[in-house]
>>> print(open('model-v9.cif').read())   # mmCIF, C-alpha atoms
data_target
loop_
_atom_site.label_atom_id
_atom_site.label_comp_id
_atom_site.auth_asym_id
_atom_site.auth_seq_id
_atom_site.Cartn_x
_atom_site.Cartn_y
_atom_site.Cartn_z
CA MET J 1 28.58 -35.92 24.02
CA ARG J 2 28.17 -32.47 22.48
CA GLN J 3 26.68 -34.04 19.36
CA LEU J 4 24.21 -35.99 21.53
CA ASN J 5 23.22 -32.80 23.34
CA ASN J 6 22.71 -31.04 20.01
CA ARG J 7 20.45 -33.86 18.82
CA SER J 8 18.44 -33.66 22.03
CA GLU J 9 18.06 -29.90 21.64
CA THR J 10 16.99 -30.30 18.00
CA LEU J 11 14.41 -32.90 19.06
CA ARG J 12 13.07 -30.55 21.71
CA ASN J 13 12.87 -27.71 19.17
CA VAL J 14 10.68 -29.94 16.99
CA LEU J 15 8.55 -31.32 19.81
CA VAL J 16 7.81 -28.00 21.55
CA PRO J 17 5.61 -26.48 18.80
CA ILE J 18 3.95 -29.85 18.15
CA LEU J 19 3.11 -30.28 21.82
CA SER J 20 1.98 -26.64 22.02
CA VAL J 21 -0.52 -27.27 19.23
CA LEU J 22 -1.73 -30.53 20.78
CA MET J 23 -2.18 -28.96 24.21
CA GLY J 24 -3.99 -26.03 22.60
CA PHE J 25 -6.47 -28.43 21.00
CA ILE J 26 -6.84 -30.34 24.26
CA LEU J 27 -7.56 -27.15 26.20
CA GLY J 28 -10.09 -26.15 23.54
CA ALA J 29 -11.75 -29.57 23.88
CA ILE J 30 -11.95 -29.19 27.66
CA ILE J 31 -13.61 -25.79 27.27
CA MET J 32 -16.09 -27.28 24.78
CA LEU J 33 -16.95 -30.03 27.26
CA ILE J 34 -17.43 -27.53 30.08
CA SER J 35 -19.76 -25.46 27.88
CA GLY J 36 -21.76 -28.54 26.92
CA GLN J 37 -20.36 -28.97 23.42
CA ASN J 38 -19.02 -32.09 21.74
CA PRO J 39 -15.32 -31.49 21.00
CA ILE J 40 -15.05 -34.43 18.61
CA ALA J 41 -17.96 -33.13 16.56
CA GLY J 42 -16.53 -29.62 16.73
CA TYR J 43 -13.08 -30.54 15.45
CA GLN J 44 -14.61 -32.90 12.87
CA ALA J 45 -16.74 -30.02 11.58
CA MET J 46 -13.65 -27.82 11.41
CA LEU J 47 -11.73 -30.31 9.28
CA GLN J 48 -14.71 -31.09 7.06
CA THR J 49 -15.24 -27.40 6.37
CA ALA J 50 -11.56 -26.73 5.67
CA PHE J 51 -11.06 -29.71 3.35
CA GLN J 52 -14.51 -30.26 1.90
CA SER J 53 -13.62 -29.28 -1.68
CA PRO J 54 -10.81 -28.00 -3.93
CA LYS J 55 -12.28 -24.52 -3.45
CA SER J 56 -11.96 -24.63 0.34
CA ILE J 57 -8.42 -26.00 0.05
CA GLY J 58 -7.60 -23.16 -2.33
CA GLU J 59 -8.90 -20.68 0.25
CA ILE J 60 -6.54 -22.15 2.84
CA PHE J 61 -3.58 -21.10 0.68
CA VAL J 62 -5.24 -17.74 -0.02
CA THR J 63 -5.32 -17.06 3.73
CA ALA J 64 -1.81 -18.42 4.29
CA GLY J 65 -0.04 -16.16 1.76
CA PRO J 66 -0.31 -12.82 3.63
CA LEU J 67 0.30 -14.58 6.97
CA ILE J 68 3.61 -15.99 5.72
CA PHE J 69 4.77 -12.51 4.73
CA THR J 70 3.91 -10.90 8.09
CA ALA J 71 5.43 -13.85 9.97
CA LEU J 72 8.66 -13.47 8.00
CA GLY J 73 8.62 -9.74 8.71
CA PHE J 74 8.33 -10.37 12.44
CA ALA J 75 11.06 -13.01 12.34
CA VAL J 76 13.59 -10.72 10.63
CA ALA J 77 13.02 -7.90 13.12
CA ASN J 78 13.11 -10.37 15.99
CA SER J 79 16.47 -11.67 14.76
CA ALA J 80 17.84 -8.19 15.34
CA GLY J 81 16.34 -8.15 18.83
CA PHE J 82 13.24 -6.04 18.09
CA PHE J 83 9.51 -6.63 18.36
CA ASN J 84 7.87 -5.16 15.30
CA ILE J 85 4.30 -4.76 16.54
CA GLY J 86 3.54 -2.51 13.56
CA LEU J 87 3.10 -5.28 11.00
CA SER J 88 -0.62 -4.52 10.72
CA GLY J 89 -0.04 -0.87 9.85
CA GLN J 90 2.78 -1.70 7.45
CA ALA J 91 0.63 -4.30 5.68
CA LEU J 92 -2.18 -1.75 5.47
CA CYS J 93 0.19 0.72 3.79
CA GLY J 94 1.09 -1.94 1.24
CA TRP J 95 -2.57 -2.74 0.59
CA VAL J 96 -3.68 0.86 0.04
CA THR J 97 -0.68 1.81 -2.08
CA SER J 98 -0.81 -1.22 -4.37
CA ILE J 99 -4.54 -0.75 -5.05
CA TRP J 100 -4.06 2.99 -5.65
CA VAL J 101 -1.31 2.37 -8.21
CA ALA J 102 -3.31 -0.41 -9.91
CA LEU J 103 -6.43 1.76 -10.22
CA ALA J 104 -4.41 4.74 -11.48
CA MET J 105 -3.12 2.67 -14.44
CA PRO J 106 -6.24 0.86 -15.71
CA ASP J 107 -5.05 0.52 -19.32
CA ALA J 108 -1.39 -0.33 -18.69
CA PRO J 109 -0.18 -3.78 -19.78
CA ARG J 110 0.13 -6.49 -17.13
CA MET J 111 3.94 -6.58 -17.33
CA VAL J 112 3.99 -2.90 -16.35
CA VAL J 113 1.19 -2.29 -13.88
CA LEU J 114 1.49 -5.48 -11.81
CA PRO J 115 5.23 -5.16 -10.98
CA LEU J 116 4.77 -1.44 -10.28
CA ALA J 117 1.84 -2.04 -7.94
CA VAL J 118 3.72 -4.80 -6.08
CA LEU J 119 6.88 -2.70 -5.75
CA ALA J 120 4.91 0.36 -4.63
CA GLY J 121 3.18 -1.65 -1.91
CA ALA J 122 6.45 -3.16 -0.73
CA LEU J 123 8.07 0.30 -0.65
CA ALA J 124 5.16 1.71 1.35
CA GLY J 125 5.60 -1.01 3.97
CA ALA J 126 9.36 -0.40 4.05
CA LEU J 127 8.91 3.36 4.60
CA ALA J 128 6.35 2.72 7.34
CA ALA J 129 8.81 0.46 9.19
CA ALA J 130 11.76 2.79 8.61
CA ILE J 131 10.21 5.37 10.96
CA PRO J 132 10.44 3.27 14.14
CA GLY J 133 13.76 1.85 12.92
CA LEU J 134 15.34 5.31 12.63
CA LEU J 135 13.87 6.43 15.94
CA ARG J 136 15.26 3.35 17.68
CA ALA J 137 18.67 3.57 16.03
CA PHE J 138 19.34 7.27 16.60
CA PHE J 139 17.19 8.18 19.61
CA GLY J 140 16.82 4.91 21.48
CA THR J 141 13.01 5.01 21.48
CA SER J 142 11.05 1.82 22.11
CA GLU J 143 10.05 0.25 18.81
CA VAL J 144 7.17 -1.49 20.57
CA ILE J 145 5.49 1.77 21.63
CA VAL J 146 6.22 3.55 18.34
CA THR J 147 4.94 0.72 16.13
CA ILE J 148 1.77 0.28 18.20
CA MET J 149 1.00 4.00 17.89
CA LEU J 150 1.82 4.01 14.18
CA ASN J 151 -0.72 1.24 13.62
CA TYR J 152 -3.44 3.74 14.53
CA VAL J 153 -1.81 6.51 12.50
CA PHE J 154 -1.74 4.35 9.36
CA LEU J 155 -5.25 3.02 10.01
CA TYR J 156 -6.85 6.46 10.12
CA THR J 157 -4.59 7.81 7.38
CA SER J 158 -5.80 5.05 5.07
CA THR J 159 -9.40 6.00 5.86
CA HIS J 160 -8.63 9.64 5.04
CA ILE J 161 -6.92 8.70 1.77
CA VAL J 162 -9.84 6.58 0.58
CA ASN J 163 -12.50 9.08 1.61
CA ASN J 164 -10.82 12.37 0.73
CA VAL J 165 -7.68 11.93 -1.38
CA MET J 166 -8.36 9.28 -4.03
CA ALA J 167 -10.04 10.53 -7.19
CA LYS J 168 -13.81 10.05 -7.27
CA ASP J 169 -13.61 7.98 -10.44
CA LEU J 170 -11.60 5.36 -8.52
CA MET J 171 -14.43 4.80 -6.02
CA THR J 172 -17.66 2.80 -6.18
CA ASN J 173 -19.09 4.47 -3.07
CA LYS J 174 -17.79 6.13 0.06
CA GLY J 175 -14.99 4.13 1.64
CA VAL J 176 -14.82 1.46 -1.08
CA THR J 177 -12.64 1.57 -4.19
CA LYS J 178 -13.39 0.01 -7.54
CA VAL J 179 -12.11 -3.48 -8.28
CA ILE J 180 -8.75 -3.51 -10.05
CA GLY J 181 -8.46 -4.68 -13.63
CA GLU J 182 -7.29 -8.14 -14.63
CA ASN J 183 -3.89 -6.78 -15.68
CA ALA J 184 -3.13 -5.69 -12.11
CA SER J 185 -4.52 -8.78 -10.39
CA LEU J 186 -2.51 -11.62 -8.86
CA ARG J 187 -5.31 -13.99 -9.76
CA THR J 188 -5.16 -16.12 -12.88
CA GLY J 189 -7.73 -18.13 -14.76
CA PHE J 190 -5.64 -21.26 -14.42
CA LEU J 191 -5.46 -21.10 -10.61
CA LYS J 192 -9.17 -20.28 -10.38
CA GLU J 193 -10.06 -23.27 -12.52
CA LEU J 194 -7.60 -25.50 -10.66
CA SER J 195 -9.21 -24.66 -7.31
CA SER J 196 -12.83 -24.79 -8.51
CA GLY J 197 -13.43 -21.06 -8.35
CA SER J 198 -11.51 -20.07 -5.21
CA ARG J 199 -9.51 -16.85 -4.89
CA LEU J 200 -6.23 -18.76 -5.12
CA ASN J 201 -3.62 -16.43 -6.60
CA ILE J 202 0.08 -15.96 -7.26
CA GLY J 203 0.50 -14.51 -3.77
CA ILE J 204 1.07 -17.91 -2.16
CA PHE J 205 3.86 -18.66 -4.65
CA MET J 206 5.43 -15.27 -3.92
CA ALA J 207 5.33 -16.18 -0.23
CA LEU J 208 7.06 -19.50 -0.88
CA VAL J 209 9.78 -17.75 -2.87
CA PHE J 210 10.37 -15.28 -0.05
CA LEU J 211 10.57 -18.10 2.50
CA VAL J 212 13.64 -19.29 0.59
CA LEU J 213 15.03 -15.79 -0.06
CA ILE J 214 14.82 -14.73 3.57
CA TRP J 215 16.40 -17.99 4.70
CA PHE J 216 19.25 -17.35 2.27
CA LEU J 217 19.57 -13.72 3.40
CA MET J 218 19.76 -14.61 7.08
CA LYS J 219 21.99 -17.67 6.78
CA LYS J 220 24.21 -17.06 3.78
CA THR J 221 24.86 -13.32 3.54
CA THR J 222 26.89 -10.78 5.49
CA LEU J 223 23.82 -8.65 6.18
CA GLY J 224 21.99 -11.61 7.68
CA TYR J 225 24.98 -12.41 9.87
CA GLU J 226 25.11 -8.81 11.06
CA ILE J 227 21.38 -8.78 11.84
CA ARG J 228 21.68 -11.92 13.93
CA SER J 229 24.86 -10.63 15.62
CA VAL J 230 23.23 -7.34 16.59
CA GLY J 231 20.27 -9.29 17.95
CA LEU J 232 22.57 -11.39 20.14
CA ASN J 233 24.79 -8.57 21.37
CA PRO J 234 24.77 -5.07 19.82
CA PHE J 235 27.76 -3.91 21.87
CA ALA J 236 29.97 -6.80 20.79
CA SER J 237 28.82 -6.23 17.20
CA GLU J 238 29.91 -2.60 17.38
CA TYR J 239 33.26 -3.67 18.81
CA ALA J 240 33.65 -6.10 15.88
CA GLY J 241 33.19 -3.23 13.42
CA MET J 242 29.52 -3.64 12.57
CA SER J 243 27.24 -0.60 12.49
CA SER J 244 24.40 -1.45 14.86
CA LYS J 245 22.45 1.64 13.78
CA ARG J 246 22.58 0.70 10.11
CA THR J 247 21.67 -2.88 10.93
CA ILE J 248 18.73 -1.81 13.10
CA VAL J 249 17.31 0.34 10.31
CA MET J 250 17.93 -2.31 7.65
CA SER J 251 16.27 -5.06 9.68
CA MET J 252 13.18 -2.91 10.23
CA VAL J 253 13.06 -1.89 6.56
CA ILE J 254 13.23 -5.54 5.47
CA SER J 255 10.58 -6.41 8.04
CA GLY J 256 8.31 -3.64 6.77
CA THR J 257 8.89 -4.64 3.15
CA LEU J 258 7.70 -8.15 3.91
CA ALA J 259 4.66 -6.87 5.82
CA GLY J 260 3.91 -4.51 2.93
CA LEU J 261 3.99 -7.47 0.55
CA GLY J 262 1.47 -9.20 2.81
CA GLY J 263 -0.82 -6.22 2.27
CA VAL J 264 -0.14 -6.34 -1.47
CA VAL J 265 -1.28 -9.96 -1.61
CA LEU J 266 -4.44 -9.02 0.30
CA GLY J 267 -5.16 -6.18 -2.13
CA LEU J 268 -4.13 -7.51 -5.52
CA GLY J 269 -4.91 -11.16 -4.78
CA THR J 270 -7.47 -11.80 -2.05
CA PHE J 271 -9.89 -8.85 -2.37
CA GLY J 272 -9.01 -6.95 -5.54
CA ASN J 273 -9.92 -3.58 -4.02
CA PHE J 274 -9.60 -1.56 -0.81
CA PHE J 275 -12.30 -0.71 1.69
CA VAL J 276 -12.12 1.28 4.91
CA GLN J 277 -10.93 -0.82 7.84
CA GLY J 278 -12.53 -0.47 11.24
CA SER J 279 -9.53 -1.87 13.11
CA SER J 280 -5.93 -3.01 12.59
CA LEU J 281 -5.43 -5.90 10.17
CA SER J 282 -5.45 -9.25 11.93
CA ILE J 283 -2.69 -10.61 9.67
CA GLY J 284 -0.17 -8.51 11.57
CA PHE J 285 -0.86 -10.01 14.99
CA ASP J 286 -1.50 -13.48 13.58
CA GLY J 287 1.84 -13.26 11.76
CA MET J 288 3.60 -12.66 15.08
CA ALA J 289 1.99 -15.76 16.57
CA ILE J 290 2.83 -17.83 13.49
CA SER J 291 6.46 -16.75 13.61
CA LEU J 292 6.76 -17.71 17.29
CA LEU J 293 4.97 -21.03 16.80
CA GLY J 294 7.23 -21.83 13.86
CA ALA J 295 10.31 -20.87 15.92
CA GLY J 296 11.17 -18.37 13.19
CA SER J 297 12.25 -21.07 10.74
CA SER J 298 11.03 -20.94 7.15
CA ILE J 299 9.53 -24.44 7.29
CA GLY J 300 8.00 -23.76 10.69
CA ILE J 301 6.42 -20.51 9.47
CA PHE J 302 4.93 -22.23 6.43
CA LEU J 303 3.41 -25.08 8.47
CA SER J 304 2.15 -22.69 11.15
CA ALA J 305 0.53 -20.44 8.53
CA ILE J 306 -1.27 -23.45 7.03
CA LEU J 307 -2.42 -24.51 10.52
CA PHE J 308 -3.78 -21.04 11.32
CA SER J 309 -5.54 -20.92 7.94
CA VAL J 310 -7.20 -24.27 8.59
CA LEU J 311 -8.28 -23.11 12.05
CA LYS J 312 -9.72 -19.83 10.78
CA LEU J 313 -11.47 -21.21 7.71
CA GLY J 314 -12.55 -24.49 9.27
CA GLY J 315 -13.80 -22.68 12.33
CA GLN J 316 -16.43 -20.96 10.22
CA GLY J 317 -18.19 -24.30 9.80
CA MET J 318 -18.25 -25.23 13.48
CA PRO J 319 -21.44 -23.29 14.36
CA LEU J 320 -23.35 -24.66 11.35
CA ARG J 321 -22.18 -28.28 11.45
CA ALA J 322 -21.72 -28.86 15.20
CA GLY J 323 -23.33 -25.90 16.97
CA VAL J 324 -19.97 -24.89 18.45
CA PRO J 325 -19.43 -21.12 18.82
CA ILE J 326 -16.82 -19.82 16.40
CA GLU J 327 -15.21 -17.92 19.26
CA LEU J 328 -13.82 -21.25 20.50
CA VAL J 329 -11.49 -21.24 17.49
CA ASP J 330 -9.91 -18.08 18.86
CA VAL J 331 -9.65 -19.82 22.23
CA VAL J 332 -7.72 -22.70 20.62
CA ILE J 333 -5.39 -20.25 18.84
CA ALA J 334 -4.85 -18.31 22.07
CA ALA J 335 -4.13 -21.55 23.93
CA ILE J 336 -1.54 -22.57 21.33
CA ILE J 337 0.17 -19.19 21.68
CA PHE J 338 0.05 -19.53 25.47
CA PHE J 339 1.81 -22.89 25.38
CA VAL J 340 4.41 -21.48 22.97
CA ALA J 341 5.00 -18.65 25.44
CA ILE J 342 5.71 -21.14 28.24
CA SER J 343 7.91 -23.30 26.03
CA TYR J 344 10.53 -23.37 28.80
CA LEU J 345 8.18 -25.51 30.91
CA ILE J 346 7.62 -27.92 28.00
CA ARG J 347 11.36 -28.14 27.36
CA PHE J 348 12.01 -28.74 31.04
CA LEU J 349 9.39 -31.49 31.24
CA LEU J 350 10.79 -33.16 28.12
CA ALA J 351 14.26 -33.11 29.63
CA LYS J 352 12.88 -34.49 32.92
CA ALA J 353 11.04 -37.24 31.05
CA SER J 354 14.31 -38.30 29.42
CA GLY J 355 15.68 -39.09 32.91
CA ASN J 356 18.97 -37.39 32.05
CA LYS J 357 20.04 -34.86 34.69
CA LYS J 358 22.59 -33.37 32.31
CA GLU J 359 19.84 -32.53 29.79
CA VAL J 360 17.82 -30.83 32.52
CA ALA J 361 20.89 -28.78 33.45
CA ILE J 362 21.45 -27.87 29.77
CA VAL J 363 17.83 -26.66 29.38
CA GLU J 364 18.14 -24.58 32.55
CA GLU J 365 21.41 -23.11 31.32
CA LEU J 366 20.00 -22.27 27.87
CA VAL J 367 16.95 -20.58 29.35
CA GLY J 368 19.08 -18.75 31.87
CA LYS J 369 21.20 -17.27 29.09
CA SER J 370 18.28 -16.37 26.81
CA ASP J 371 16.92 -12.86 26.46
CA PRO J 372 13.12 -12.63 26.18
CA THR J 373 13.45 -9.69 23.77
CA SER J 374 15.50 -11.67 21.26
CA GLN J 375 13.90 -15.07 21.45
CA GLU J 376 13.38 -17.82 18.92
CA GLY J 377 11.45 -15.82 16.38
CA GLY J 378 14.50 -14.99 14.31
CA LYS J 379 16.10 -18.28 13.41
CA ILE J 380 14.77 -18.34 9.80
#
>>> encode(input="model-v9.cif", output="structure tokens")
Amino acid sequence: MRQLNNRSETLRNVLVPILSVLMGFILGAIIMLISGQNPIAGYQAMLQTAFQSPKSIGEIFVTAGPLIFTALGFAVANSAGFFNIGLSGQALCGWVTSIWVALAMPDAPRMVVLPLAVLAGALAGALAAAIPGLLRAFFGTSEVIVTIMLNYVFLYTSTHIVNNVMAKDLMTNKGVTKVIGENASLRTGFLKELSSGSRLNIGIFMALVFLVLIWFLMKKTTLGYEIRSVGLNPFASEYAGMSSKRTIVMSMVISGTLAGLGGVVLGLGTFGNFFVQGSSLSIGFDGMAISLLGAGSSIGIFLSAILFSVLKLGGQGMPLRAGVPIELVDVVIAAIIFFVAISYLIRFLLAKASGNKKEVAIVEELVGKSDPTSQEGGKI
């Protein structure tokens, strides 16, 4: 009986994100119909734009790389019971730092400058996340408030660094750095040729490697076990001999490292330079949504990142091909997130549809025991 219940729960865990996506698309179609648009033509235009050529397919993976890193960063912190809302600022730190290091070493060989730039960006993200981690561990401050405020601190600090701190010979004009050299770039001639001239770079392969590494860390190591234990019950973890303070800081540092790597991929792979940002990076908030949609699992995060990339890139063709406002893409994404947020209702309806009263009771019991601050984002 227990095995049957476990299978039913596994099936629900798979169906919930799938149904969330489908209902998001349906809601988007309804809104298109209400506004006088053709939803079939709109979604057809989206898919045609996203998959029209090897170059567009390459750009899907270009967009997915940084999103995977920020989603993993959110999932690790969420496993420990924290909401790291500062992924945008931490990614920004990684972006600025990696570009700065790359531009400061224009003549260094690739085997020297590229690893240094990547490590520097990852370290910058880790240090940025360590601040709210230390404040939470030793002073009990809310990591949500601190990370939100730090997003603005890092945003305006990056603007100051580019405009007033970086050497003039590293800039093309005010607020825009020079493009890094080939030795410091994550792009390769082979990947460019393979994808017909897209910006496809090593960043997506780094992201795939870290999907496996983080899964291994969380499932197969003592540190991962401690992070998940603290997320479930910090008091019981302390009683069992674990240091909740150390685990809190470590989980935030790992989360920030991953977000920093997302910024590194943006800098050294996607753009090749840094330019002043007018607002927080969208990859931070999108990464949170991707992690939740993917239920925090490595496979779920990868598939969700690809889906979001298709939506964002394909959505750019909707106004041109079908006359559908691009803002409707954001509506679809928001609808998907909404249905993920009310996953309890979907689970309950699935259990009801099965006609098994015991399954309904199990769903109610699971939801009753769950804590909204340590939800599914940290399964990895």
>>> residues_around(input="model-v9.cif", residues="J:Phe210", least_positions_apart="4", cutoff="10 Å", atoms="only C-alpha atoms", output="ChimeraX atom specification")
/J:68-69,72,204-206,214-217,258,298
>>> residues_around(input="model-v9.cif", residues="J:Gly86", least_positions_apart="6", cutoff="8 Å", atoms="all atoms listed in the file", output="list in words")
Ala129, Val144, Thr147, Ile148, Leu150, Asn151 and Gly284 of chain J
>>> atom_distance(input="model-v9.cif", atom1="atom CA of J:Ala41", atom2="atom CA of J:Leu303")
24.2 Å
>>> atom_distance(input="model-v9.cif", atom1="atom CA of J:Leu293", atom2="atom CA of J:Val21")
8.7 Å
>>> atom_distance(input="model-v9.cif", atom1="atom CA of J:Lys178", atom2="atom CA of J:Asn273")
6.1 Å
>>> residues_around(input="model-v9.cif", residues="J:Leu127", least_positions_apart="5", cutoff="9 Å", atoms="all atoms listed in the file", output="number ranges by chain")
J: 90, 122, 253, 256-257
>>> residues_near_point(input="model-v9.cif", point="(-10.1, -3.5, -1.4)", cutoff="8 Å", atoms="only C-alpha atoms", output="number ranges by chain")
J: 95-96, 99, 176-179, 267, 271-275
>>> residues_around(input="model-v9.cif", residues="J:Asp286", least_positions_apart="4", cutoff="9 Å", atoms="only C-alpha atoms", output="list in words")
Leu67, Thr70, Ala71, Ser282, Ile290, Ser291, Ala305 and Phe308 of chain J
>>> resolve_selection(input="model-v9.cif", expression="the PyMOL selection byres ((chain J and resi 261) around 8)", output="list of chain:residue names")
J:Pro66, J:Phe69, J:Ala91, J:Gly94, J:Val118, J:Gly121, J:Ala122, J:Gly125, J:Thr257, J:Leu258, J:Ala259, J:Gly260, J:Gly262, J:Gly263, J:Val264, J:Val265
>>> residues_around(input="model-v9.cif", residues="stretch 24-36 of chain J", least_positions_apart="6", cutoff="8 Å", atoms="all atoms listed in the file", output="PyMOL selection string")
chain J and resi 324+328-329+331-336+339
>>> resolve_selection(input="model-v9.cif", expression="the PyMOL selection byres ((chain J and resi 17) around 8)", output="PyMOL selection string")
chain J and resi 13-16+18-21+293-295+340
>>> closest_residue(input="model-v9.cif", among="J:Leu311, J:Ala80, J:Leu116, J:Leu87", to="J:Ser251", atoms="only C-alpha atoms")
J:Ala80
>>> resolve_selection(input="model-v9.cif", expression="the PyMOL selection byres ((chain J and resi 228) around 12)", output="ChimeraX atom specification")
/J:75-82,217-227,229-234,236-237,242,244,247-248,251,374-380
>>> closest_residue(input="model-v9.cif", among="J:Ala130, J:Val101, J:Met318, J:Ile145", to="J:Tyr43", atoms="only C-alpha atoms")
J:Met318
>>> closest_residue(input="model-v9.cif", among="J:Gly133, J:Gly189, J:Glu182, J:Lys174", to="J:Ala108", atoms="all atoms listed in the file")
J:Glu182
>>> closest_residue(input="model-v9.cif", among="J:Ile85, J:Val112, J:Leu22, J:Leu313", to="J:Ala64", atoms="all atoms listed in the file")
J:Leu313
>>> closest_residue(input="model-v9.cif", among="J:Ser304, J:Ser297, J:Ser98, J:Asn164", to="J:Leu266", atoms="all atoms listed in the file")
J:Ser98
>>> axis_aligned_box(input="model-v9.cif", around="stretch 129-139 of chain J", padding_each_side="5 Å", output="lines of an AutoDock Vina configuration file")
center_x = 14.1
center_y = 4.3
center_z = 14.1
size_x = 20.5
size_y = 17.7
size_z = 21.0
>>> closest_atom_pairs(input="model-v9.cif", of="stretch 81-156 of chain J", to="stretch 277-280 of chain J", cutoff="7 Å", atoms="all atoms listed in the file", output="JSON lines")
{"residue": "J:Ser88", "atom": "CA", "partner": "J:Ser280", "partner_atom": "CA", "distance": 5.8}
{"residue": "J:Gly89", "atom": "CA", "partner": "J:Ser280", "partner_atom": "CA", "distance": 6.8}
{"residue": "J:Asn151", "atom": "CA", "partner": "J:Ser280", "partner_atom": "CA", "distance": 6.8}
{"residue": "J:Leu155", "atom": "CA", "partner": "J:Ser280", "partner_atom": "CA", "distance": 6.6}
>>> closest_residue(input="model-v9.cif", among="J:Gly140, J:Leu345, J:Pro325, J:Gln316", to="J:Gln48", atoms="only C-alpha atoms")
J:Gln316
